Structure formats: structure tokens, C-alpha cells
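**Student:** One file is attached below, entry06.tsv, containing TSV, C-alpha atoms.
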```
chain	number	residue	atom	x	y	z
A	25	MET	CA	6.23	15.25	18.70
A	26	ILE	CA	2.80	13.66	18.58
A	27	ILE	CA	1.41	12.31	21.84
A	28	PHE	CA	-0.90	9.34	21.31
A	29	PRO	CA	-3.24	8.55	24.21
A	30	ALA	CA	-3.90	4.81	24.20
A	31	ILE	CA	-6.98	2.69	24.65
A	32	ASP	CA	-6.53	-1.08	24.79
A	33	LEU	CA	-9.75	-3.06	24.33
A	34	LYS	CA	-10.60	-6.33	26.03
A	35	GLU	CA	-14.17	-7.62	26.06
A	36	LYS	CA	-15.48	-4.16	25.05
A	37	LYS	CA	-13.73	-2.48	27.99
A	38	ALA	CA	-10.66	-0.21	28.22
A	39	VAL	CA	-7.88	-2.04	30.03
A	40	ARG	CA	-4.13	-2.01	30.47
A	41	LEU	CA	-1.82	-4.99	30.65
A	42	SER	CA	1.67	-5.54	32.03
A	43	LYS	CA	4.11	-6.89	29.43
A	44	GLY	CA	1.19	-8.04	27.31
A	45	ASP	CA	-0.06	-10.58	29.86
A	46	MET	CA	-3.85	-10.84	29.43
A	47	LYS	CA	-4.17	-12.16	32.98
A	48	SER	CA	-2.80	-8.84	34.24
A	49	ALA	CA	-5.63	-6.84	32.64
A	50	LYS	CA	-6.91	-3.98	34.78
A	51	ILE	CA	-10.18	-2.38	33.73
A	52	TYR	CA	-10.17	1.42	33.59
A	53	SER	CA	-13.44	2.08	31.79
A	54	ASN	CA	-16.57	0.25	30.69
A	55	GLU	CA	-17.18	3.00	28.09
A	56	PRO	CA	-14.06	3.46	25.93
A	57	SER	CA	-15.80	6.08	23.79
A	58	GLU	CA	-16.18	8.31	26.85
A	59	LEU	CA	-12.44	8.04	27.43
A	60	ALA	CA	-11.84	9.05	23.84
A	61	LYS	CA	-14.00	12.15	24.35
A	62	LYS	CA	-11.90	13.11	27.37
A	63	PHE	CA	-8.70	12.80	25.38
A	64	ALA	CA	-10.17	14.99	22.64
A	65	ASP	CA	-11.21	17.60	25.20
A	66	MET	CA	-7.66	17.62	26.58
A	67	GLY	CA	-6.27	18.53	23.18
A	68	ALA	CA	-5.32	15.21	21.59
A	69	THR	CA	-5.61	14.86	17.83
A	70	TRP	CA	-4.61	11.19	17.52
A	71	LEU	CA	-5.77	8.12	19.45
A	72	HIS	CA	-3.96	4.78	19.54
A	73	VAL	CA	-6.33	1.82	19.90
A	74	VAL	CA	-5.49	-1.88	20.21
A	75	ASP	CA	-7.99	-4.73	20.00
A	76	LEU	CA	-6.31	-7.12	22.43
A	77	ASP	CA	-8.86	-9.86	21.90
A	78	GLY	CA	-8.34	-9.49	18.17
A	79	ALA	CA	-4.56	-9.74	18.51
A	80	PHE	CA	-4.89	-13.18	20.09
A	81	ALA	CA	-7.77	-14.36	17.89
A	82	GLY	CA	-6.26	-13.15	14.63
A	83	ALA	CA	-9.49	-11.33	13.76
A	84	SER	CA	-11.27	-8.18	14.93
A	85	ARG	CA	-13.22	-8.67	18.16
A	86	ASN	CA	-14.05	-5.11	19.25
A	87	PHE	CA	-14.97	-3.55	15.92
A	88	ASP	CA	-18.20	-2.03	17.21
A	89	VAL	CA	-16.35	-0.31	20.05
A	90	VAL	CA	-13.81	1.19	17.65
A	91	GLU	CA	-16.64	2.34	15.38
A	92	LYS	CA	-18.32	4.07	18.34
A	93	ILE	CA	-15.06	5.78	19.32
A	94	VAL	CA	-14.67	7.14	15.79
A	95	ARG	CA	-18.27	8.40	15.73
A	96	SER	CA	-17.95	10.02	19.16
A	97	THR	CA	-14.95	12.25	18.44
A	98	ASN	CA	-13.01	14.05	15.73
A	99	LEU	CA	-9.84	12.24	16.76
A	100	ARG	CA	-7.72	10.55	14.14
A	101	VAL	CA	-7.80	6.91	15.24
A	102	GLU	CA	-5.18	4.30	14.49
A	103	ILE	CA	-6.19	0.71	15.23
A	104	GLY	CA	-4.24	-2.52	15.55
A	105	GLY	CA	-4.89	-6.05	16.73
A	106	GLY	CA	-5.96	-9.02	14.65
A	107	ILE	CA	-6.02	-7.25	11.29
A	108	ARG	CA	-5.04	-9.96	8.81
A	109	SER	CA	-7.09	-9.36	5.65
A	110	GLU	CA	-7.89	-6.58	3.21
A	111	GLU	CA	-11.56	-7.05	4.07
A	112	SER	CA	-10.79	-6.18	7.70
A	113	VAL	CA	-8.68	-3.19	6.66
A	114	ARG	CA	-11.42	-1.89	4.36
A	115	ALA	CA	-14.07	-2.29	7.08
A	116	TYR	CA	-12.05	-0.16	9.49
A	117	PHE	CA	-11.53	2.59	6.93
A	118	ASP	CA	-15.20	2.49	6.01
A	119	ALA	CA	-15.86	3.00	9.74
A	120	GLY	CA	-13.71	6.14	9.70
A	121	VAL	CA	-10.36	5.15	11.15
A	122	SER	CA	-7.33	7.10	9.91
A	123	ARG	CA	-4.70	4.36	9.99
A	124	VAL	CA	-4.41	0.62	10.56
A	125	ILE	CA	-1.52	-0.98	12.41
A	126	LEU	CA	-0.31	-4.26	10.96
A	127	GLY	CA	1.81	-6.28	13.38
A	128	SER	CA	1.92	-10.08	13.18
A	129	VAL	CA	1.15	-10.04	9.47
A	130	ALA	CA	4.02	-7.60	8.91
A	131	LEU	CA	6.39	-10.39	9.90
A	132	LYS	CA	4.52	-13.32	8.40
A	133	ASN	CA	3.28	-11.82	5.14
A	134	PRO	CA	5.25	-8.70	4.17
A	135	GLU	CA	3.98	-8.74	0.57
A	136	PHE	CA	0.42	-8.41	1.84
A	137	VAL	CA	1.40	-5.41	3.96
A	138	LYS	CA	3.16	-3.74	1.05
A	139	GLN	CA	0.12	-4.21	-1.18
A	140	ILE	CA	-2.21	-2.83	1.50
A	141	ALA	CA	0.10	0.17	2.00
A	142	LYS	CA	-0.45	1.12	-1.65
A	143	LYS	CA	-4.18	1.56	-1.00
A	144	TYR	CA	-4.51	2.56	2.66
A	145	ALA	CA	-2.70	4.43	5.43
A	146	VAL	CA	-0.65	1.79	7.23
A	147	ALA	CA	1.65	1.68	10.23
A	148	VAL	CA	3.77	-1.37	10.94
A	149	GLY	CA	3.77	-2.49	14.54
A	150	ILE	CA	7.14	-3.87	15.63
A	151	ASP	CA	6.86	-5.40	19.09
A	152	ALA	CA	10.09	-6.79	20.45
A	153	LEU	CA	11.31	-8.80	23.41
A	154	ASN	CA	15.08	-8.71	23.89
A	155	GLY	CA	15.37	-7.33	20.39
A	156	LYS	CA	13.37	-10.13	18.72
A	157	VAL	CA	9.99	-9.60	17.07
A	158	ALA	CA	7.00	-11.01	18.95
A	159	VAL	CA	3.68	-11.80	17.24
A	160	GLU	CA	0.20	-13.23	17.86
A	161	GLY	CA	-0.52	-11.01	20.84
A	162	TRP	CA	3.13	-11.44	21.90
A	163	ALA	CA	2.49	-15.14	22.54
A	164	GLU	CA	5.20	-16.08	20.02
A	165	VAL	CA	8.73	-14.68	19.83
A	166	SER	CA	10.46	-15.09	16.48
A	167	GLU	CA	14.14	-15.22	15.60
A	168	VAL	CA	13.85	-12.07	13.48
A	169	SER	CA	15.42	-8.95	14.95
A	170	ALA	CA	13.32	-5.81	15.27
A	171	THR	CA	15.80	-3.78	13.22
A	172	GLN	CA	15.83	-6.40	10.47
A	173	LEU	CA	12.05	-6.12	10.16
A	174	ALA	CA	12.24	-2.32	10.26
A	175	LYS	CA	14.70	-2.30	7.35
A	176	ALA	CA	12.33	-4.48	5.32
A	177	TYR	CA	9.76	-1.68	5.35
A	178	ALA	CA	12.09	1.24	4.66
A	179	ASP	CA	10.75	1.76	1.13
A	180	ALA	CA	7.43	-0.06	1.36
A	181	GLY	CA	5.14	2.95	1.40
A	182	VAL	CA	3.99	2.60	4.99
A	183	GLU	CA	3.40	5.80	6.98
A	184	ALA	CA	4.93	4.92	10.32
A	185	VAL	CA	6.36	2.33	12.66
A	186	ILE	CA	5.03	1.71	16.17
A	187	ALA	CA	8.03	0.47	18.16
A	188	THR	CA	7.13	-1.37	21.36
A	189	ASP	CA	9.63	-2.71	23.86
A	190	ILE	CA	7.53	-5.44	25.47
A	191	SER	CA	9.66	-5.51	28.62
A	192	LYS	CA	8.67	-1.87	29.22
A	193	ASP	CA	5.01	-2.11	28.29
A	194	GLY	CA	2.73	-1.25	31.20
A	195	MET	CA	5.62	-1.28	33.64
A	196	LEU	CA	5.99	2.50	34.20
A	197	SER	CA	9.74	2.03	34.10
A	198	GLY	CA	10.84	4.61	31.52
A	199	VAL	CA	11.03	4.52	27.73
A	200	ASN	CA	13.67	2.57	25.81
A	201	PHE	CA	14.86	5.39	23.57
A	202	GLU	CA	17.78	3.35	22.23
A	203	PHE	CA	15.32	0.81	20.88
A	204	THR	CA	13.19	3.57	19.35
A	205	LYS	CA	16.28	5.11	17.81
A	206	SER	CA	17.37	1.80	16.28
A	207	ILE	CA	13.98	1.30	14.64
A	208	ALA	CA	13.87	4.88	13.32
A	209	GLU	CA	17.35	4.61	11.85
A	210	ALA	CA	16.72	1.19	10.30
A	211	SER	CA	13.40	2.15	8.69
A	212	GLY	CA	13.85	5.87	8.00
A	213	LEU	CA	10.16	6.21	8.87
A	214	PHE	CA	8.12	8.25	11.32
A	215	THR	CA	8.61	6.20	14.50
A	216	VAL	CA	6.37	6.12	17.55
A	217	ALA	CA	7.79	4.97	20.89
A	218	SER	CA	5.57	2.63	22.89
A	219	GLY	CA	6.02	1.25	26.38
A	220	GLY	CA	7.34	2.59	29.66
A	221	VAL	CA	6.11	6.19	30.00
A	222	SER	CA	5.91	6.90	33.73
A	223	CYS	CA	5.78	10.69	34.11
A	224	ILE	CA	5.84	14.02	32.31
A	225	ALA	CA	9.64	13.94	32.45
A	226	ASP	CA	9.60	10.95	30.10
A	227	LEU	CA	7.66	13.01	27.56
A	228	VAL	CA	10.11	15.89	27.91
A	229	ALA	CA	12.99	13.44	27.44
A	230	ALA	CA	11.30	12.00	24.36
A	231	ARG	CA	10.89	15.43	22.82
A	232	THR	CA	14.49	16.32	23.65
A	233	ALA	CA	15.65	13.05	22.08
A	234	GLY	CA	13.83	13.89	18.85
A	235	VAL	CA	11.24	11.13	19.09
A	236	ASP	CA	8.55	11.52	16.41
A	237	GLY	CA	5.67	10.25	18.52
A	238	ILE	CA	5.00	8.58	21.84
A	239	ILE	CA	2.16	6.50	23.25
A	240	VAL	CA	0.82	7.22	26.73
A	241	GLY	CA	-1.37	4.61	28.38
A	242	LYS	CA	-1.00	3.28	31.89
A	243	ALA	CA	0.81	6.38	33.16
A	244	TYR	CA	-2.33	8.40	32.41
A	245	TYR	CA	-4.73	5.86	33.87
A	246	GLU	CA	-2.71	5.60	37.07
A	247	GLY	CA	-2.66	9.38	37.46
A	248	LEU	CA	1.07	9.76	36.84
A	249	VAL	CA	0.79	11.87	33.66
A	250	ASP	CA	-1.60	14.79	33.28
A	251	LEU	CA	-2.31	14.72	29.54
A	252	ALA	CA	-4.11	18.07	29.70
A	253	GLU	CA	-0.80	19.51	30.88
A	254	ALA	CA	1.14	17.57	28.27
A	255	PHE	CA	-0.97	19.09	25.51
A	256	LEU	CA	-0.17	22.65	26.59
A	257	THR	CA	2.49	24.87	25.09
A	258	GLU	CA	4.87	26.94	27.17
A	259	ASN	CA	2.55	29.96	26.91
A	260	GLY	CA	-0.37	28.00	28.31
A	261	GLU	CA	-2.40	27.79	25.11
A	262	ARG	CA	-3.64	24.61	23.54
A	263	ARG	CA	-1.20	23.37	20.97
A	264	THR	CA	-1.89	21.12	17.99
A	265	ASP	CA	0.20	17.97	18.27
A	266	SER	CA	-0.48	16.89	14.71
A	267	VAL	CA	2.51	18.63	13.16
A	268	ILE	CA	4.96	15.97	12.07
A	269	LEU	CA	8.62	16.86	12.36
A	270	GLN	CA	9.63	18.83	9.28
A	271	ASN	CA	13.08	17.30	9.13
A	272	ARG	CA	13.01	13.50	9.00
A	273	GLN	CA	16.74	13.46	9.73
A	274	THR	CA	15.82	13.20	13.41
A	275	LYS	CA	18.68	13.33	15.87
A	276	PHE	CA	18.44	11.25	19.02
A	277	LEU	CA	20.48	12.01	22.11
```
Can the structure from this file be put into C-alpha cells for me?
**Tutor:**
Amino acid sequence: MIIFPAIDLKEKKAVRLSKGDMKSAKIYSNEPSELAKKFADMGATWLHVVDLDGAFAGASRNFDVVEKIVRSTNLRVEIGGGIRSEESVRAYFDAGVSRVILGSVALKNPEFVKQIAKKYAVAVGIDALNGKVAVEGWAEVSEVSATQLAKAYADAGVEAVIATDISKDGMLSGVNFEFTKSIAEASGLFTVASGGVSCIADLVAARTAGVDGIIVGKAYYEGLVDLAEAFLTENGERRTDSVILQNRQTKFL
């Protein structure tokens, strides 16, 4: 299971929101690249980054910060938020990111996403409220079910799905594994659970449930999850968390 530390960007700063509400933003760092270095030192190999301003604007707003993060570490960085054009995708890859996350456009323009996935490493972000896909920084909730959208990308050439239960995001209330399971089964893709991690026990439960990957954000920033501990193996040595499950026929409990 890959653990993805998360950095959400708002006005060049690292913040966390509750249920996607921009008014709830709490600043955790004025230097996101320094946070990224800490995650790398702890043993992370991937970093999940979201341009919150970009998600609402429909265009990148923190590109320079992402570029600095990539330059500052050897982490594989995936970035989402406001990516709507091939020009934007190309700019991020030219800057050194490893994967782009396409969310709103995955619902509104699936053909574009499928074409981009032929050229670049793409993850589809499926953010859902009460099972329905939300877009435009979660400001709009569609009538399309999350599983319906997941099925649409089953054979589209995308690398992964980021499955976010909005009701859990930033709430430290536990992960919705049933939701994650439904997305994984519908898409057949590597699926990353997002939203709700509150303690190390949630990570243990995720691993036990066969989750492919999990995002840790607020729980780390609030001191509830020690990521240095999470990146250790049972024998106390640093592990590499970049090994994707060999058997994609993942079983969830």
C-alpha cells in the first residue's frame, strides 16, 4: 500500500480544509517545499498535491510552488486542481511532475481525458458527496454516480483513481472503505482512498482491507499520525512504499 502525504495549496501556502470549504482553510506552512522535504526524509516516495485555487478558478494558480516542490525533492509528485488543457498538462510534466490528476474535466470532457491518458500519466479524481460526483472545487454536485464515472474509465488507459468521500475530507472521522471498494471494483484500476484518516489504526485497517493507496493530510498536520512511523517496516528499517500490489484482484474486507 502506498501512503501519499498530502499538500493542499492556497495562495502559495500549505493548508487543509474541512469538507472542501475554502473558508475553513487552516495554514500549516508558508513554505510547502520545506514540508515536501520533511516527507521525503521520513521515507515517502510519492506526494499528493492539490492546487485549491486552481480547482475553483479552472486554471493553475500555484504552478511555481509545485515546480519548487519538484525541484526540492526526489519525490514522485502527482498534482490536481484546475488542470483543463493539454497545455497545462504538458507544463506540469515539463516541470517534472510524475502524474496529473484530472477531476472536473473527467466528468465534463471524458474524451479529452482519454486522449491525454494516451500521452501522459493520468489519474482520475472522483470526488463524491452522497455518492454523486462533485466538480469545480466541489462547488457543484452532479447527478452522475461515482461508480458510474469509475466504470467509464475502466479501459481508458489511466493509471489510477483518487477516490474522495467529501463528507470525510478533513474531518478526521475514519476512512470510507466501502466507497473506496466500490470505485476499485467499478474501475478495475489502482485506487487511492482519500478523506478521513485520523490515526495509525486507519492506515493499518486500510492495509488489511487491501487498499492500494491512501492519502494522509490533516491527521499528520494535527499530530495524530506519525508518518515516520508509518513508513517503517516491522523490523524497524525504512521500507519503500512504491511497490504497487502485484495482484490487482484486490480483496477488501
**Student:** Taking only C-alpha atoms into account, which of A:Ser109, A:Ser96, A:Ser42, A:Ser166 comes nearest Glu55 of chain A?
**Tutor:**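 Among A:Ser109, A:Ser96, A:Ser42, A:Ser166, it is A:Ser96 that comes nearest to Glu55 of chain A.
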**Student:** Can you tell me how far atom CA of Lys43 of chain A sits from atom CA of Ala60 of chain A, in Å to one decimal?
**Tutor:**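 The value is 23.2 Å.
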**Student:** Would you kindly return, as a VMD selection string, each protein, DNA or RNA residue with an atom no farther than 12 Å from any atom of Phe117 of chain A, considering all atoms listed in the file and excluding same-chain residues fewer than 2 positions away?
**Tutor:** chain A and resid 87 90 to 91 94 100 to 103 110 to 115 119 to 125 143 to 146
**Student:** Measuring atom to atom with all atoms listed in the file, identify which of A:Gly105, A:Leu173, A:Ser53, A:Thr97 is nearest to Leu131 of chain A.
**Tutor:**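 Nearest candidate to Leu131 of chain A out of A:Gly105, A:Leu173, A:Ser53, A:Thr97: A:Leu173.
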**Student:** Which value, in Å to one decimal, gives the distance between atom CA of Gly194 of chain A and atom CA of Leu41 of chain A?
**Tutor:**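 Straight-line distance from atom CA of Gly194 of chain A to atom CA of Leu41 of chain A works out to 5.9 Å.
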**Student:** What's the separation between atom CA of Gly44 of chain A and atom CA of Ala174 of chain A, in Å to one decimal place?
**Tutor:**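 Atom-to-atom, atom CA of Gly44 of chain A and atom CA of Ala174 of chain A are spaced 21.1 Å apart.
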**Student:** May I ask which of the residues A:Glu160, A:Asp118, A:Asp193, A:Glu183 is the closest one to Lys242 of chain A, counting all atoms listed in the file?
**Tutor:**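 Of A:Glu160, A:Asp118, A:Asp193, A:Glu183, the one nearest Lys242 of chain A, counting all atoms listed in the file, is A:Asp193.
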**Student:** Have a look at A:Phe136, A:Phe255, A:Trp162, A:Phe203 and name the one nearest to Gly82 of chain A; count all atoms listed in the file.
**Tutor:**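 Closest candidate: A:Trp162.
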**Student:** Measuring atom to atom with only C-alpha atoms, identify which of A:Ala68, A:Val182, A:Ile31, A:Ile51 is nearest to Asn86 of chain A.
**Tutor:** A:Ile31
**Student:** For each of A:Ala254, A:Ala79, A:Ile150, A:Leu71, take the minimum atom-to-atom distance to Ala163 of chain A, counting all atoms listed in the file, then give the residue where this is smallest.
**Tutor:**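 Checking each candidate against Ala163 of chain A, we get A:Ala79 as the closest.
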**Student:** Do you know which residues are at most 10 Å from Val221 of chain A counting all atoms listed in the file, after dropping those on the same chain fewer than 6 positions away, and could you put them as an NGL selection string?
**Tutor:** :A and (192-200 or 227 or 230 or 238-244 or 248-249)
**Student:** Compile the contact shell of Lys156 of chain A as a VMD selection string: residues with an atom at most 9 Å away, counting only C-alpha atoms, same-chain residues fewer than 2 positions apart removed.
**Tutor:** chain A and resid 151 to 154 158 165 to 171
**Student:** Give me the residues near Asp77 of chain A as a list of chain:residue names, where near means some atom within 8 Å (using all atoms listed in the file) and where sequence neighbours in that chain fewer than 4 positions away do not count.
**Tutor:**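 What passes the distance filter is A:Leu33, A:Lys34, A:Glu35, A:Ala81, A:Ser84, A:Arg85, A:Asn86, A:Gly105, A:Gly106.
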**Student:** Might you pull out every residue within 12 Å of Glu202 of chain A, with all atoms listed in the file counted and same-chain residues fewer than 6 positions away left off, and present them as a count of residues only?
**Tutor:** 15
**Student:** Got a minute to add all heavy atoms to segment 120-131 of chain A and dump it as a PDB file, keeping the file's coordinate frame?
**Tutor:**
```pdb
ATOM      1  N   GLY A 120     -14.256   4.811   9.429  1.00  0.00           N
ATOM      2  CA  GLY A 120     -13.710   6.140   9.700  1.00  0.00           C
ATOM      3  C   GLY A 120     -12.363   6.210  10.369  1.00  0.00           C
ATOM      4  O   GLY A 120     -11.924   7.308  10.744  1.00  0.00           O
ATOM      5  N   VAL A 121     -11.679   5.071  10.534  1.00  0.00           N
ATOM      6  CA  VAL A 121     -10.360   5.150  11.150  1.00  0.00           C
ATOM      7  C   VAL A 121      -9.392   5.835  10.182  1.00  0.00           C
ATOM      8  O   VAL A 121      -9.611   5.870   8.959  1.00  0.00           O
ATOM      9  CB  VAL A 121      -9.800   3.766  11.554  1.00  0.00           C
ATOM     10  CG1 VAL A 121     -10.761   3.045  12.492  1.00  0.00           C
ATOM     11  CG2 VAL A 121      -9.468   2.923  10.343  1.00  0.00           C
ATOM     12  N   SER A 122      -8.301   6.371  10.728  1.00  0.00           N
ATOM     13  CA  SER A 122      -7.330   7.100   9.910  1.00  0.00           C
ATOM     14  C   SER A 122      -6.129   6.251   9.512  1.00  0.00           C
ATOM     15  O   SER A 122      -5.453   6.548   8.528  1.00  0.00           O
ATOM     16  CB  SER A 122      -6.830   8.333  10.672  1.00  0.00           C
ATOM     17  OG  SER A 122      -7.874   9.256  10.873  1.00  0.00           O
ATOM     18  N   ARG A 123      -5.873   5.184  10.290  1.00  0.00           N
ATOM     19  CA  ARG A 123      -4.700   4.360   9.990  1.00  0.00           C
ATOM     20  C   ARG A 123      -4.864   2.991  10.639  1.00  0.00           C
ATOM     21  O   ARG A 123      -5.388   2.895  11.750  1.00  0.00           O
ATOM     22  CB  ARG A 123      -3.434   5.050  10.512  1.00  0.00           C
ATOM     23  CG  ARG A 123      -2.137   4.339  10.165  1.00  0.00           C
ATOM     24  CD  ARG A 123      -0.961   5.308  10.247  1.00  0.00           C
ATOM     25  NE  ARG A 123      -0.697   5.795  11.593  1.00  0.00           N
ATOM     26  CZ  ARG A 123       0.020   6.904  11.848  1.00  0.00           C
ATOM     27  NH1 ARG A 123       0.509   7.619  10.859  1.00  0.00           N
ATOM     28  NH2 ARG A 123       0.232   7.272  13.090  1.00  0.00           N
ATOM     29  N   VAL A 124      -4.430   1.945   9.953  1.00  0.00           N
ATOM     30  CA  VAL A 124      -4.410   0.620  10.560  1.00  0.00           C
ATOM     31  C   VAL A 124      -2.980   0.255  10.909  1.00  0.00           C
ATOM     32  O   VAL A 124      -2.039   0.673  10.227  1.00  0.00           O
ATOM     33  CB  VAL A 124      -5.015  -0.462   9.635  1.00  0.00           C
ATOM     34  CG1 VAL A 124      -6.494  -0.221   9.420  1.00  0.00           C
ATOM     35  CG2 VAL A 124      -4.263  -0.543   8.315  1.00  0.00           C
ATOM     36  N   ILE A 125      -2.832  -0.506  11.979  1.00  0.00           N
ATOM     37  CA  ILE A 125      -1.520  -0.980  12.410  1.00  0.00           C
ATOM     38  C   ILE A 125      -1.446  -2.469  12.117  1.00  0.00           C
ATOM     39  O   ILE A 125      -2.262  -3.250  12.621  1.00  0.00           O
ATOM     40  CB  ILE A 125      -1.307  -0.734  13.914  1.00  0.00           C
ATOM     41  CG1 ILE A 125      -1.502   0.745  14.247  1.00  0.00           C
ATOM     42  CG2 ILE A 125       0.091  -1.190  14.329  1.00  0.00           C
ATOM     43  CD1 ILE A 125      -1.636   1.017  15.737  1.00  0.00           C
ATOM     44  N   LEU A 126      -0.487  -2.867  11.310  1.00  0.00           N
ATOM     45  CA  LEU A 126      -0.310  -4.260  10.960  1.00  0.00           C
ATOM     46  C   LEU A 126       0.931  -4.782  11.685  1.00  0.00           C
ATOM     47  O   LEU A 126       2.040  -4.277  11.474  1.00  0.00           O
ATOM     48  CB  LEU A 126      -0.168  -4.424   9.447  1.00  0.00           C
ATOM     49  CG  LEU A 126      -1.369  -3.886   8.638  1.00  0.00           C
ATOM     50  CD1 LEU A 126      -1.140  -4.096   7.150  1.00  0.00           C
ATOM     51  CD2 LEU A 126      -2.664  -4.552   9.079  1.00  0.00           C
ATOM     52  N   GLY A 127       0.728  -5.775  12.549  1.00  0.00           N
ATOM     53  CA  GLY A 127       1.810  -6.280  13.380  1.00  0.00           C
ATOM     54  C   GLY A 127       2.257  -7.673  12.997  1.00  0.00           C
ATOM     55  O   GLY A 127       3.242  -7.850  12.274  1.00  0.00           O
ATOM     56  N   SER A 128       1.531  -8.686  13.457  1.00  0.00           N
ATOM     57  CA  SER A 128       1.920 -10.080  13.180  1.00  0.00           C
ATOM     58  C   SER A 128       2.058 -10.337  11.686  1.00  0.00           C
ATOM     59  O   SER A 128       3.009 -10.982  11.228  1.00  0.00           O
ATOM     60  CB  SER A 128       0.890 -11.041  13.778  1.00  0.00           C
ATOM     61  OG  SER A 128       0.846 -10.925  15.180  1.00  0.00           O
ATOM     62  N   VAL A 129       1.114  -9.817  10.907  1.00  0.00           N
ATOM     63  CA  VAL A 129       1.150 -10.040   9.470  1.00  0.00           C
ATOM     64  C   VAL A 129       2.329  -9.339   8.816  1.00  0.00           C
ATOM     65  O   VAL A 129       2.796  -9.748   7.734  1.00  0.00           O
ATOM     66  CB  VAL A 129      -0.193  -9.610   8.828  1.00  0.00           C
ATOM     67  CG1 VAL A 129      -0.331  -8.089   8.811  1.00  0.00           C
ATOM     68  CG2 VAL A 129      -0.355 -10.187   7.441  1.00  0.00           C
ATOM     69  N   ALA A 130       2.853  -8.295   9.463  1.00  0.00           N
ATOM     70  CA  ALA A 130       4.020  -7.600   8.910  1.00  0.00           C
ATOM     71  C   ALA A 130       5.245  -8.501   8.913  1.00  0.00           C
ATOM     72  O   ALA A 130       6.120  -8.377   8.049  1.00  0.00           O
ATOM     73  CB  ALA A 130       4.309  -6.330   9.718  1.00  0.00           C
ATOM     74  N   LEU A 131       5.295  -9.418   9.861  1.00  0.00           N
ATOM     75  CA  LEU A 131       6.390 -10.390   9.900  1.00  0.00           C
ATOM     76  C   LEU A 131       6.090 -11.587   9.011  1.00  0.00           C
ATOM     77  O   LEU A 131       6.952 -12.035   8.254  1.00  0.00           O
ATOM     78  CB  LEU A 131       6.604 -10.878  11.348  1.00  0.00           C
ATOM     79  CG  LEU A 131       7.653 -11.993  11.513  1.00  0.00           C
ATOM     80  CD1 LEU A 131       9.049 -11.459  11.203  1.00  0.00           C
ATOM     81  CD2 LEU A 131       7.604 -12.580  12.922  1.00  0.00           C
TER      82      LEU A 131
END
```
